[in-house]
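Each remark here refers to the structure printed beneath this line.
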Amino acid sequence: MKTAILRASLFTPAGRGRWGLPLLFWGEPGVGKSAVLRECARAAGLPCEVLSPGERGEGAFGVVPVPARDDAAVPRGASRGPEALARLSSTVLTYPRPEWTRQFDEALAGLVVVDEITTCPPALQPALLGLLLDRRVGGHYLGDRVRVVAAANPPEQAATGYDLPLPVANRVAHVAWGAPSVEEHVAFMLRGDAAEDAAPAIDPVSEEARVMRLWPEAYAQACGRGAAFLTRRPALKNVCPPAGDPRGSRGWPSDRSWEHATRAFATAAVHALTDVERDELVAGFVGDGAAGEMLAFAAEQDLADPAAVLDGRESFRHEAKRLDRTAALLSGCAALVVPAGAAKRADRARALWDLLGAFVAGGADQDVAVPCAAALVRAKLHTAPGAIKVLAAIQPLLKAAGVTPGSVS
């Protein structure tokens, strides 16, 4: 059972203020996926809803339109009496929120488990995309702190099972869920209803705060490693399987899944996952082949710590033969500095411009500096004294990339 991977994923920043990496646990029927997911949610202090597409139907996904009167269409100054409103109002189609969403209103957090996801019929799959990616059910947004994971039996073992289409498969990490051992099964049975009455082992607000203290540096290092690898292996950036390929129903590399994999790499450090757990989580997003190459590459590199370099605790020297190392450091530094609430933002931005200045002074391979400089410009962090020389040196490259300081001022 992958409870450590699940807990880490539930408490992973997902960008734009959201929480949770989307996981899909694959396992045979009857091995306790739904029950363990519920128990993990309770232990994390999160309300939980198990939603089965095949059992609950389209109404549970908020895709059934309901006509409603739109009084906003009544002209200003017109009578607002009942008869006038009935005559002048227009009719619009609304998508009311399902009843099950209300349990998240008080906590403003929770976990939605899309169970038996392979029973989702093709007509309902677009709504499923909105739930997995945007936490949206019909016209209702669940909230930034509501997480979404899924569970499935293989299609051949599911009732009216469907293979996952490419867009659905590419939104989640595919994680194998094995049958529990005899010891785990016995322990689960002996806990019984006592687990439902037990106090949560984790306070979600406190855990989110702890993660956010550690996240910036962990994510910066993960970004650096990801950037270095893709600079070395650009052919693995987007590898969409052809239609009908069974690999399309599992993890494969895309811009979206590489972003998820980068967050998975960072969260493994924040939550002290084992190497095996980290590797499985990363591979769940981009596939075994791409993840294996990236993880092997990261293990072989002696990559500098972006925070230590910017704070002056480590030095870095560019080597022309190791552009990937330079790209890794600059990407990691940018990820550390650009966010609006970044720690030591002004000081680290100045240090980063100085680092870029030393790099571009050499005159060769200046294009490696462009993504980092462009990110600083877009974040309006280009007023540091060292920025002027750097921007002057790489101005043609920035212009070719469609970025100039004037374009974002």
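So you can find residues: chains in the structure tokens are A, B, ... in the order shown, residues in each start at 1, and ligands are numbered from 1 in order.
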
Using only C-alpha atoms, I'd like a table of the residues in region 370-390 of chain A that come within 10 Å of region 314-330 of chain A; for each, show the closest atom pair and its distance in Å rounded to one decimal, ordered by chain and ascending number, as CSV.
```
residue,atom,partner,partner_atom,distance
A:Val370,CA,A:Leu330,CA,9.6
A:Pro371,CA,A:Leu330,CA,8.4
A:Cys372,CA,A:Leu330,CA,6.0
A:Ala373,CA,A:Leu330,CA,9.0
```

Requested in this report: Could you check which of A:Leu295, A:Asp134, A:Asp311, A:Pro154 is closest to Pro246 (chain A), using only C-alpha atoms?
Outcome: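 Using only C-alpha atoms, Pro246 (chain A) sits closest to A:Pro154.
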
Query raised in the report: Contacts of Phe285 (chain A) at 8 Å or less, counting only C-alpha atoms, minus same-chain residues fewer than 4 places along, as a list in words?
Result: Asn170, Arg171, Val172, Ala173, His174, Gly251, Trp252, Pro253, Ser257, Trp258, His260, Ala261 and Leu281 of chain A

Query raised in the report: Could you state the separation of CA of Ala349 (chain A) and CA of Val337 (chain A) in Å, given to one decimal place?
Result: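 Answer for the CA of Ala349 (chain A) to CA of Val337 (chain A) separation: 6.2 Å.
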
Query - Shell around Pro306 (chain A) at 7 Å using only C-alpha atoms, local window under 3 positions removed, as an MDAnalysis selection string - result: chainID A and resid 220:221 309:310 329 332:333

Report task. Check the smallest atom-to-atom distance from each of A:His140, A:Arg42, A:Arg250, A:Arg225 to Ala199 (chain A) using only C-alpha atoms, then report the winner. Result ->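 Selected residue with least distance to Ala199 (chain A): A:Arg42.
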
Report task. Go through A:Lys33, A:Leu46, A:Gln103, A:Gly139 one by one, measure the shortest atom-to-atom distance of each to Val63 (chain A) using only C-alpha atoms, and give the residue with the smallest value. Result ->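 With only C-alpha atoms as the atom set, the closest residue is A:Gly139.
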
Query raised in the report: Using only C-alpha atoms, which of A:Ala243, A:Arg232, A:His271, A:Ala375 sits nearest Arg210 (chain A)?
Result: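 With only C-alpha atoms as the atom set, the closest residue is A:His271.
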